[in-house]
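Engineer: Can you read through this structure? Questions will come right after.
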Amino acid sequence: MFGVDLSATALKEALGHGFDAVARADITRLPFADESFDVVTAGQCLEHVPDPFAVVAELCRVLRPGGTLIVDTIPDTRVARLVAITFAENVPLPGRPARGTHDHRLFVNRERLARVARSHGVELRLLGLRPRSRDFIRYLAGRCEEVRMVPIKSTSVLYLGVGTKR
């Protein structure tokens with residue numbers, strides 16, 4: 001497993017979580033040849049970059065034909081803004097993101113994301129995600145450290161895009 005980030009701190013953390021190798025690089029200009037990977041993932045990063053669509057184009061570039069692209073992000077909806085910023089950053093719960101972590105202007109338009117991926121040979125299927133209720137309650141009570149996500153129909157708060165490159 002190979003990780004890429006601009007932050008040296010994040011790369012050190014990735015190595016501690018099982019990544020085999022890491023590279024410090026801009027995600028819009030990956031230091032890899034075309035069609036280098038069978039699986040490419042971008043988790044919880046598209047909503048933090050100025051041009052998520054350039055990132056998706058770059059991820060598609062390094063993905064081999066027949067390979068799988070997996071991205072997850074926050075959509076540009078009012079309900080996502082309410083949940084991710086108003087609620088998550090302001091309610092004093094364990095593990096909440098720091099205030100200012102999210103900028104709603106960077107939340108990602110679902111239709112445009114799918115269109116950009118399609119233009120680079122990847123037909124994305126979009127699925128909504130939410131925390132598994134039992135895990136979330138246990139997390140809030142300090143009884144577990146991880147909260148699994150489960151698929152839902154609505155993509156209005158958090159969504160996953162999965163596709164195969166033709």
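Ordering of the structure tokens sets the chain letters (A, B, ...); residue numbers start at 1 within each chain; ligands are numbered from 1 in the order shown.
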Excluding region 29-41 of chain A and its own-chain neighbours fewer than 2 positions away, which residues fall within 7 Å of it when counting only C-alpha atoms? Please give them as a list in words.

Structural biologist: Ala25, Asp26, Ile27, Gly43, Glu58, Leu59, Arg61, Val62, Leu63, Arg64, Gly67, Thr68, Leu69, Ile70 and Val71 of chain A

Engineer: Which parts of chain A does DSSP call strand (DSSP E) when run on the backbone here, written out as a PyMOL selection string?

Structural biologist: chain A and resi 2-5+21-24+37-43+63-73+122-131+149-152+159-165

Engineer: Quick one, how far is CA of Val83 (chain A) from CA of Ala10 (chain A)?

Structural biologist: 25.2 Å

Engineer: Show which residues sit within 10 Å of His104 (chain A), as JSON, numbers by chain. Count only C-alpha atoms, and ignore same-chain residues fewer than 5 positions away.

Structural biologist: {"A": [47, 48, 74, 75, 76, 77, 78, 80, 81, 82, 84, 85]}

Engineer: Create the file for the chosen residues now, containing N, CA and C atoms and written as a PDB file, in the first residue's frame.

Structural biologist:
ATOM      1  N   GLU A  47     -12.539  17.035  -0.123  1.00  0.00           N
ATOM      2  CA  GLU A  47     -13.198  18.215   0.443  1.00  0.00           C
ATOM      3  C   GLU A  47     -12.209  19.170   1.118  1.00  0.00           C
ATOM      4  N   HIS A  48     -10.913  18.892   0.970  1.00  0.00           N
ATOM      5  CA  HIS A  48      -9.884  19.755   1.567  1.00  0.00           C
ATOM      6  C   HIS A  48      -8.929  20.336   0.531  1.00  0.00           C
ATOM      7  N   ILE A  74     -17.456  14.853   0.979  1.00  0.00           N
ATOM      8  CA  ILE A  74     -18.654  15.534   1.455  1.00  0.00           C
ATOM      9  C   ILE A  74     -19.264  16.313   0.283  1.00  0.00           C
ATOM     10  N   PRO A  75     -20.564  16.166   0.056  1.00  0.00           N
ATOM     11  CA  PRO A  75     -21.188  16.866  -1.064  1.00  0.00           C
ATOM     12  C   PRO A  75     -21.458  18.336  -0.746  1.00  0.00           C
ATOM     13  N   ASP A  76     -21.662  19.102  -1.789  1.00  0.00           N
ATOM     14  CA  ASP A  76     -21.952  20.523  -1.644  1.00  0.00           C
ATOM     15  C   ASP A  76     -23.454  20.746  -1.429  1.00  0.00           C
ATOM     16  N   THR A  77     -23.945  20.274  -0.277  1.00  0.00           N
ATOM     17  CA  THR A  77     -25.362  20.419   0.061  1.00  0.00           C
ATOM     18  C   THR A  77     -25.511  21.172   1.374  1.00  0.00           C
ATOM     19  N   ARG A  78     -26.683  21.747   1.584  1.00  0.00           N
ATOM     20  CA  ARG A  78     -26.952  22.447   2.846  1.00  0.00           C
ATOM     21  C   ARG A  78     -26.911  21.492   4.036  1.00  0.00           C
ATOM     22  N   ALA A  80     -25.195  18.758   4.334  1.00  0.00           N
ATOM     23  CA  ALA A  80     -23.799  18.398   4.621  1.00  0.00           C
ATOM     24  C   ALA A  80     -23.116  19.515   5.398  1.00  0.00           C
ATOM     25  N   ARG A  81     -23.409  20.743   5.029  1.00  0.00           N
ATOM     26  CA  ARG A  81     -22.839  21.886   5.757  1.00  0.00           C
ATOM     27  C   ARG A  81     -23.319  21.864   7.209  1.00  0.00           C
ATOM     28  N   LEU A  82     -24.602  21.603   7.407  1.00  0.00           N
ATOM     29  CA  LEU A  82     -25.166  21.544   8.752  1.00  0.00           C
ATOM     30  C   LEU A  82     -24.498  20.445   9.580  1.00  0.00           C
ATOM     31  N   ALA A  84     -21.559  18.546   8.865  1.00  0.00           N
ATOM     32  CA  ALA A  84     -20.091  18.536   8.927  1.00  0.00           C
ATOM     33  C   ALA A  84     -19.492  19.755   9.609  1.00  0.00           C
ATOM     34  N   ILE A  85     -20.186  20.880   9.530  1.00  0.00           N
ATOM     35  CA  ILE A  85     -19.615  22.093  10.124  1.00  0.00           C
ATOM     36  C   ILE A  85     -20.399  22.504  11.371  1.00  0.00           C
TER      37      ILE A  85
END

Engineer: Which one is closest to Gly16 (chain A): A:Pro94, A:Gly3, A:Pro131, A:Gly161? Count only C-alpha atoms.

Structural biologist: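 Ranking A:Pro94, A:Gly3, A:Pro131, A:Gly161 by distance to Gly16 (chain A), first place goes to A:Gly3.
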
Engineer: Mind pulling up the distance from CA of Arg138 (chain A) to CA of Gln44 (chain A)?

Structural biologist: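 Answer for the CA of Gln44 (chain A) to CA of Arg138 (chain A) separation: 22.3 Å.
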
Engineer: Determine the nearest neighbour of Ala88 (chain A) from the options A:Asp5, A:Val157, A:Gly142, A:His17, counting only C-alpha atoms.

Structural biologist: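 Counting only C-alpha atoms, the residue closest to Ala88 (chain A) is A:Val157.
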
Engineer: Suppose you want the space between CA of Arg24 (chain A) and CA of Lys12 (chain A); what is it in Å?

Structural biologist: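 According to the coordinates, CA of Arg24 (chain A) and CA of Lys12 (chain A) are separated by 10.4 Å.
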
Engineer: Under the rule that only C-alpha atoms are counted, which of A:His120, A:Lys153, A:Arg132, A:Arg143 is the nearest residue to Ala54 (chain A)?

Structural biologist: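 The shortest atom-to-atom distance to Ala54 (chain A) comes from A:His120.
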
Engineer: Which residues come within 6 Å of Tyr159 (chain A), counting only C-alpha atoms, excluding same-chain residues fewer than 2 positions away, as a list in words?

Structural biologist: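 Near neighbours after the sequence-gap exclusion: Asp72, Thr73, Leu127, Gly128, Leu129 and Thr155 of chain A.
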
Engineer: Could you pull out the helix (DSSP H, G or I) residues of region 40-131 of chain A, going by DSSP on the backbone, and write them as a PyMOL selection string?

Structural biologist: chain A and resi 46-48+52-62+78-87+104-106+110-119

Engineer: Can you spit out the residues from that selection as a short mmCIF file (atom, residue, chain, number, x, y, z; two decimals), in the first residue's frame, using N, CA and C atoms?

Structural biologist:
data_model
loop_
_atom_site.label_atom_id
_atom_site.label_comp_id
_atom_site.auth_asym_id
_atom_site.auth_seq_id
_atom_site.Cartn_x
_atom_site.Cartn_y
_atom_site.Cartn_z
N LEU A 46 -10.79 14.95 -0.75
CA LEU A 46 -11.29 15.80 -1.83
C LEU A 46 -11.93 17.08 -1.31
N GLU A 47 -12.54 17.03 -0.12
CA GLU A 47 -13.20 18.22 0.44
C GLU A 47 -12.21 19.17 1.12
N HIS A 48 -10.91 18.89 0.97
CA HIS A 48 -9.88 19.75 1.57
C HIS A 48 -8.93 20.34 0.53
N PRO A 52 -10.84 19.55 -6.46
CA PRO A 52 -11.02 18.11 -6.35
C PRO A 52 -11.18 17.41 -7.69
N PHE A 53 -11.62 18.14 -8.69
CA PHE A 53 -11.83 17.55 -10.00
C PHE A 53 -10.50 17.29 -10.71
N ALA A 54 -9.51 18.15 -10.47
CA ALA A 54 -8.16 17.90 -10.99
C ALA A 54 -7.56 16.69 -10.28
N VAL A 55 -7.87 16.53 -9.00
CA VAL A 55 -7.40 15.35 -8.26
C VAL A 55 -7.98 14.09 -8.86
N VAL A 56 -9.27 14.08 -9.12
CA VAL A 56 -9.91 12.89 -9.69
C VAL A 56 -9.33 12.57 -11.07
N ALA A 57 -9.08 13.57 -11.87
CA ALA A 57 -8.46 13.35 -13.18
C ALA A 57 -7.08 12.70 -13.01
N GLU A 58 -6.32 13.16 -12.03
CA GLU A 58 -4.99 12.61 -11.78
C GLU A 58 -5.07 11.18 -11.26
N LEU A 59 -6.04 10.91 -10.39
CA LEU A 59 -6.21 9.55 -9.88
C LEU A 59 -6.56 8.60 -11.03
N CYS A 60 -7.40 9.05 -11.93
CA CYS A 60 -7.76 8.24 -13.10
C CYS A 60 -6.54 8.01 -13.99
N ARG A 61 -5.67 9.00 -14.11
CA ARG A 61 -4.47 8.87 -14.95
C ARG A 61 -3.58 7.73 -14.47
N VAL A 62 -3.40 7.60 -13.15
CA VAL A 62 -2.47 6.58 -12.63
C VAL A 62 -3.15 5.22 -12.46
N ARG A 78 -26.68 21.75 1.58
CA ARG A 78 -26.95 22.45 2.85
C ARG A 78 -26.91 21.49 4.04
N VAL A 79 -27.47 20.30 3.84
CA VAL A 79 -27.49 19.34 4.96
C VAL A 79 -26.07 18.89 5.31
N ALA A 80 -25.19 18.76 4.33
CA ALA A 80 -23.80 18.40 4.62
C ALA A 80 -23.12 19.51 5.40
N ARG A 81 -23.41 20.74 5.03
CA ARG A 81 -22.84 21.89 5.76
C ARG A 81 -23.32 21.86 7.21
N LEU A 82 -24.60 21.60 7.41
CA LEU A 82 -25.17 21.54 8.75
C LEU A 82 -24.50 20.44 9.58
N VAL A 83 -24.37 19.25 9.00
CA VAL A 83 -23.81 18.12 9.73
C VAL A 83 -22.30 18.26 9.94
N ALA A 84 -21.56 18.55 8.87
CA ALA A 84 -20.09 18.54 8.93
C ALA A 84 -19.49 19.75 9.61
N ILE A 85 -20.19 20.88 9.53
CA ILE A 85 -19.61 22.09 10.12
C ILE A 85 -20.40 22.50 11.37
N THR A 86 -21.66 22.85 11.20
CA THR A 86 -22.45 23.35 12.32
C THR A 86 -22.49 22.36 13.47
N PHE A 87 -22.77 21.10 13.16
CA PHE A 87 -22.87 20.09 14.22
C PHE A 87 -21.51 19.53 14.60
N HIS A 104 -17.03 24.87 3.58
CA HIS A 104 -18.14 24.42 2.73
C HIS A 104 -17.93 24.76 1.26
N ARG A 105 -17.10 25.75 0.97
CA ARG A 105 -16.84 26.10 -0.44
C ARG A 105 -16.04 25.02 -1.16
N LEU A 106 -15.43 24.11 -0.39
CA LEU A 106 -14.66 23.01 -0.98
C LEU A 106 -15.45 21.71 -1.06
N ARG A 110 -21.52 16.34 -6.61
CA ARG A 110 -21.59 14.91 -6.97
C ARG A 110 -21.66 14.70 -8.47
N GLU A 111 -22.51 15.47 -9.14
CA GLU A 111 -22.68 15.28 -10.58
C GLU A 111 -21.39 15.61 -11.33
N ARG A 112 -20.74 16.69 -10.93
CA ARG A 112 -19.49 17.07 -11.61
C ARG A 112 -18.39 16.04 -11.36
N LEU A 113 -18.32 15.53 -10.13
CA LEU A 113 -17.33 14.50 -9.82
C LEU A 113 -17.51 13.28 -10.73
N ALA A 114 -18.75 12.82 -10.86
CA ALA A 114 -19.03 11.66 -11.72
C ALA A 114 -18.71 11.98 -13.17
N ARG A 115 -19.03 13.19 -13.61
CA ARG A 115 -18.76 13.60 -15.00
C ARG A 115 -17.26 13.62 -15.30
N VAL A 116 -16.47 14.17 -14.38
CA VAL A 116 -15.02 14.24 -14.57
C VAL A 116 -14.43 12.83 -14.62
N ALA A 117 -14.83 11.98 -13.70
CA ALA A 117 -14.33 10.60 -13.70
C ALA A 117 -14.70 9.90 -15.01
N ARG A 118 -15.94 10.08 -15.45
CA ARG A 118 -16.40 9.46 -16.71
C ARG A 118 -15.55 9.95 -17.89
N SER A 119 -15.21 11.23 -17.89
CA SER A 119 -14.41 11.77 -19.00
C SER A 119 -12.99 11.20 -19.01
#

Engineer: In terms of the shortest atom-to-atom distance over only C-alpha atoms, which of A:Glu146, A:Glu89, A:Asp103, A:Asp135 is closest to Val49 (chain A)?

Structural biologist: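 Using only C-alpha atoms, Val49 (chain A) sits closest to A:Asp103.
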